[in-house]
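One structure is given below, encoded as structure tokens.
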Amino acid sequence: MSGTDLLDTLAGLRPGSRIASLRAERADIARHTQGAYEALMRPADPGGLPLSERAAVAAIVAHLNEDAALGAYYDGRLAEHGLPAGPRWDTISAHVAMVARSPRDGSPDALARLRVVGLSERDIVTLSQIVAFVSYQTRVLSGLELMESLDG
Amino acid sequence: MADPIAFTTDVVEWAPWIEPIDLATATSEQRASLTETVSNTKITAYSLVLAHDPAALGERTPLFNKIMYAPRGLPRAERELATLVESVLNGCVFCASVHARRFVELDQTPETMASEVVARIYAGEDPGLGSRRAALVDYALALSHTPSRATAEHLTALREAGLGDLEILDLTHAVAMFAWANRLMLTLGEPTGPVT
């Protein structure tokens with residue numbers, strides 16, 4: 001654990017500000033939000049889903065949600081790890097866009113395509129968790145930013 | 001695929017498209033990630049699928065429970081209402097059935113009224129809510145879209161309808177959590193049933 005909270009940082013919450021104090025009333029939620037981020041984006045063992053692909057997946061989801069702060073953050077992570085490319089990545093990125101934008105289009109065939117390009121059952125679960133987690137993260141951040149804007 | 005199941009308040013099962021882990025051969029970390037369950041239910045196929053990544057599951061389950069059950073703040077029935085309308089928007093029949101039942105169970109109004117609200121939401125009609133819950137549903141739906149359509153006007157409407165800051169934060173967390181939950185449920189398996 002880095003000790004800093006990513007969403008506090010990205011929302012620009014100053015320690016002791018009204019919204020920061022409000023968030024502290026739900027400290028367990030903030031802690032597990034950060035914990036999920038660490039588990040998915042800084043895993044001890046990335047298995048078959050390398051950090052470059054994880055960062056690229058998160059960046060796609062942040063940008064599809066038009067979240068400038070989160071998008072820039074994951075672009076930065078992506079720059080550290082290098083941009084994935086090739087047919088495997090094309091298949092993964094198409095799946096990611098579907099899950100982020102229109103999850104009702106999920107299907108067994110969609111998962112079969114991921115297996116064809118080498119993802120294990122565990123990798124598919126992790127991939128889905130990253131897309132779903134960043135979908136969560138951007139909405140928490142949006143809400144915090146909107147609350148901050150009214151306090152301005 | 002079988003024909004899609006219509007929205008229902010009956011109990012629906014969920015069948016994974018991923019091979020769940022086998023508890024008999026699970027690692028200690030996988031077992032540990034399953035000790036707490038969502039809404040304190042039994043270990044389901046869903047949690048056995050998510051246990052493929054125990055580190056993520058071990059954070060997500062307590063996060064889910066804190067968001068839906070933490071004391072004070074937004075009344076639990078209204079957390080359920082927000083996640084219900086979001087689940088309908090996203091097309092998650094399984095999630096909607098669970099949270100429609102919880103909403104009806106927790107709502108303080110006579111049960112038939114909550115049931116009517118659910119029926120209207122399922123039919124895509126105006127649920128006929130008072131100003132507080134109408135503002136809550138408007139914000140929940142706006143925030144559910146990709147990208148979000150939530151604006152400062154939604155927040156102002158929530159405040160004018162009497163929601164306090166902690167309630168607005170709780171509402172935001174509930175909607176955000178179901179952006180997560182709906183996506184897992186919709187893309188890793190499918191609803192089966194209803195079970196009668």
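Letters A, B, ... mark the chains of the structure tokens in the order given; residue numbers begin at 1 per chain; ligand numbers begin at 1, in order shown.
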Compile the contact shell of Pro50 in chain A as a VMD selection string: residues with an atom at most 10 Å away, counting only C-alpha atoms, same-chain residues fewer than 5 positions apart removed. chain A and resid 41 43 45 55 81 84 123
Hey, can you spit out that residue selection with N, CA and C atoms as a JSON list (two decimals), in the first residue's frame?
```
[["chain", "number", "residue", "atom", "x", "y", "z"],
["A", 41, "MET", "N", -4.68, -3.42, -9.88],
["A", 41, "MET", "CA", -3.72, -2.66, -10.69],
["A", 41, "MET", "C", -2.28, -2.81, -10.21],
["A", 43, "PRO", "N", -1.04, -5.92, -8.56],
["A", 43, "PRO", "CA", -1.14, -7.26, -7.95],
["A", 43, "PRO", "C", 0.24, -7.83, -7.61],
["A", 45, "ASP", "N", 0.92, -10.94, -7.86],
["A", 45, "ASP", "CA", 1.18, -11.88, -8.96],
["A", 45, "ASP", "C", 0.19, -11.58, -10.08],
["A", 55, "ALA", "N", -3.17, -1.77, -17.24],
["A", 55, "ALA", "CA", -3.20, -0.30, -17.34],
["A", 55, "ALA", "C", -3.95, 0.14, -18.58],
["A", 81, "HIS", "N", 4.38, 1.16, -18.41],
["A", 81, "HIS", "CA", 4.42, -0.28, -18.71],
["A", 81, "HIS", "C", 4.47, -0.59, -20.19],
["A", 84, "PRO", "N", 0.18, -2.25, -25.05],
["A", 84, "PRO", "CA", 0.03, -3.56, -25.69],
["A", 84, "PRO", "C", -0.41, -3.40, -27.15],
["A", 123, "ASP", "N", -7.73, -15.17, -15.77],
["A", 123, "ASP", "CA", -7.46, -13.90, -16.49],
["A", 123, "ASP", "C", -8.77, -13.22, -16.90]]
```
Tell me as an MDAnalysis selection string which residues belonging to chain B come within 6 Å of chain A, counting only C-alpha atoms. chainID B and resid 17 52 55:56 59 63 91 146:147 152 172 176:177 179:180 183 186:187
Keeping only N, CA and C atoms, write those residues as a compact mmCIF listing (two decimals), in the first residue's frame.
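Just written: result-v1.txt:
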```txt
# COMPACT_ATOMS: atom_id res chain seq x y z
N TRP B 17 -20.68 -18.61 -17.03
CA TRP B 17 -20.04 -19.05 -18.28
C TRP B 17 -18.56 -19.35 -18.05
N HIS B 52 -11.53 -16.89 -8.52
CA HIS B 52 -10.35 -17.05 -9.38
C HIS B 52 -9.34 -15.94 -9.11
N ALA B 55 -7.62 -11.91 -4.40
CA ALA B 55 -7.22 -10.61 -3.85
C ALA B 55 -8.29 -9.56 -4.16
N ALA B 56 -8.80 -9.59 -5.40
CA ALA B 56 -9.85 -8.63 -5.78
C ALA B 56 -11.15 -8.94 -5.05
N GLU B 59 -11.39 -7.77 -1.38
CA GLU B 59 -11.67 -6.34 -1.18
C GLU B 59 -13.11 -6.00 -1.57
N LEU B 63 -16.44 -4.29 0.61
CA LEU B 63 -16.82 -2.99 0.03
C LEU B 63 -18.31 -2.99 -0.31
N GLY B 91 -29.98 -3.69 -17.87
CA GLY B 91 -30.50 -4.96 -18.36
C GLY B 91 -30.15 -6.16 -17.51
N THR B 146 -22.82 5.44 -19.51
CA THR B 146 -21.41 5.51 -19.91
C THR B 146 -21.31 6.39 -21.14
N PRO B 147 -20.73 7.59 -21.09
CA PRO B 147 -20.26 8.25 -19.86
C PRO B 147 -21.42 8.77 -19.02
N ALA B 152 -24.26 19.03 -12.01
CA ALA B 152 -24.47 19.80 -10.77
C ALA B 152 -25.96 20.02 -10.52
N THR B 172 -24.23 7.83 -4.26
CA THR B 172 -23.17 7.73 -5.27
C THR B 172 -22.46 6.39 -5.17
N ALA B 176 -22.37 3.51 -8.03
CA ALA B 176 -21.05 3.10 -8.52
C ALA B 176 -20.86 1.60 -8.33
N MET B 177 -21.27 1.07 -7.16
CA MET B 177 -21.10 -0.36 -6.92
C MET B 177 -21.90 -1.21 -7.89
N ALA B 179 -22.68 -0.26 -10.99
CA ALA B 179 -21.99 -0.22 -12.28
C ALA B 179 -21.02 -1.40 -12.32
N TRP B 180 -20.45 -1.72 -11.19
CA TRP B 180 -19.52 -2.84 -11.04
C TRP B 180 -20.30 -4.17 -11.08
N ARG B 183 -22.03 -5.26 -14.35
CA ARG B 183 -21.10 -5.67 -15.41
C ARG B 183 -20.57 -7.09 -15.19
N LEU B 186 -23.63 -9.53 -15.86
CA LEU B 186 -24.09 -9.57 -17.26
C LEU B 186 -23.08 -10.21 -18.20
N THR B 187 -21.80 -10.19 -17.84
CA THR B 187 -20.79 -10.61 -18.82
C THR B 187 -20.04 -11.88 -18.42
```
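Excluding Pro16 in chain B and any residue on its chain fewer than 5 positions from it, the residues at most 8 Å away by only C-alpha atoms are Ala45, Tyr46, Val49, Leu188, Gly189 and Glu190 of chain B.
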Those residues with N, CA and C atoms, as a PDB file, in the first residue's frame please?
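The result, written out as again10.pdb:
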```pdb
ATOM      1  N   ALA B  45     -22.310 -19.790  -6.884  1.00  0.00           N
ATOM      2  CA  ALA B  45     -21.485 -19.987  -8.090  1.00  0.00           C
ATOM      3  C   ALA B  45     -20.782 -18.688  -8.464  1.00  0.00           C
ATOM      4  N   TYR B  46     -21.493 -17.580  -8.253  1.00  0.00           N
ATOM      5  CA  TYR B  46     -20.926 -16.258  -8.559  1.00  0.00           C
ATOM      6  C   TYR B  46     -19.649 -16.013  -7.746  1.00  0.00           C
ATOM      7  N   VAL B  49     -16.827 -18.142  -8.920  1.00  0.00           N
ATOM      8  CA  VAL B  49     -16.213 -17.617 -10.151  1.00  0.00           C
ATOM      9  C   VAL B  49     -15.233 -16.490  -9.798  1.00  0.00           C
ATOM     10  N   LEU B 188     -20.329 -12.421 -17.221  1.00  0.00           N
ATOM     11  CA  LEU B 188     -19.684 -13.677 -16.806  1.00  0.00           C
ATOM     12  C   LEU B 188     -20.673 -14.822 -16.661  1.00  0.00           C
ATOM     13  N   GLY B 189     -21.948 -14.550 -16.964  1.00  0.00           N
ATOM     14  CA  GLY B 189     -22.945 -15.610 -16.823  1.00  0.00           C
ATOM     15  C   GLY B 189     -24.309 -15.062 -17.163  1.00  0.00           C
ATOM     16  N   GLU B 190     -25.339 -15.859 -16.887  1.00  0.00           N
ATOM     17  CA  GLU B 190     -26.693 -15.421 -17.264  1.00  0.00           C
ATOM     18  C   GLU B 190     -27.724 -15.884 -16.241  1.00  0.00           C
TER      19      GLU B 190
END
```
Please return as JSON, numbers by chain: the residues of range 18-131 of chain A that backbone DSSP assigns to helix (DSSP H, G or I). {"A": [18, 19, 20, 21, 22, 23, 24, 27, 28, 29, 30, 31, 32, 33, 34, 35, 36, 37, 38, 39, 40, 41, 51, 52, 53, 54, 55, 56, 57, 58, 59, 60, 61, 62, 63, 64, 68, 69, 70, 71, 72, 73, 74, 75, 76, 77, 78, 79, 80, 81, 87, 88, 89, 90, 91, 92, 93, 94, 95, 96, 97, 98, 99, 100, 101, 103, 104, 105, 108, 109, 110, 111, 112, 113, 114, 115, 116, 121, 122, 123, 124, 125, 126, 127, 128, 129, 130, 131]}
Rounded to one decimal, what separation in Å do you get between CA of Leu50 in chain B and CA of Glu13 in chain B?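 CA of Leu50 in chain B sits 16.3 Å away from CA of Glu13 in chain B.
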Near range 116-120 of chain B, within 8 Å and counting only C-alpha atoms, which residues show up once chain neighbours fewer than 5 positions away are dropped, as a PDB file with N, CA and C atoms, in the first residue's frame?
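Saved as around-v7.pdb:
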```pdb
ATOM      1  N   ALA B 100     -35.095  -5.601  -6.247  1.00  0.00           N
ATOM      2  CA  ALA B 100     -36.528  -5.278  -6.201  1.00  0.00           C
ATOM      3  C   ALA B 100     -37.147  -5.919  -4.950  1.00  0.00           C
ATOM      4  N   GLU B 125     -42.405   2.613 -17.128  1.00  0.00           N
ATOM      5  CA  GLU B 125     -43.317   3.741 -16.907  1.00  0.00           C
ATOM      6  C   GLU B 125     -42.773   4.650 -15.808  1.00  0.00           C
ATOM      7  N   ASP B 126     -43.353   5.849 -15.715  1.00  0.00           N
ATOM      8  CA  ASP B 126     -43.025   6.748 -14.613  1.00  0.00           C
ATOM      9  C   ASP B 126     -43.444   6.065 -13.303  1.00  0.00           C
ATOM     10  N   PRO B 127     -42.489   5.839 -12.396  1.00  0.00           N
ATOM     11  CA  PRO B 127     -42.856   5.112 -11.178  1.00  0.00           C
ATOM     12  C   PRO B 127     -43.741   5.902 -10.226  1.00  0.00           C
ATOM     13  N   GLY B 128     -43.974   7.187 -10.502  1.00  0.00           N
ATOM     14  CA  GLY B 128     -44.901   7.972  -9.671  1.00  0.00           C
ATOM     15  C   GLY B 128     -44.380   8.198  -8.266  1.00  0.00           C
ATOM     16  N   LEU B 129     -43.100   8.586  -8.168  1.00  0.00           N
ATOM     17  CA  LEU B 129     -42.473   8.776  -6.861  1.00  0.00           C
ATOM     18  C   LEU B 129     -42.637  10.213  -6.390  1.00  0.00           C
TER      19      LEU B 129
END
```
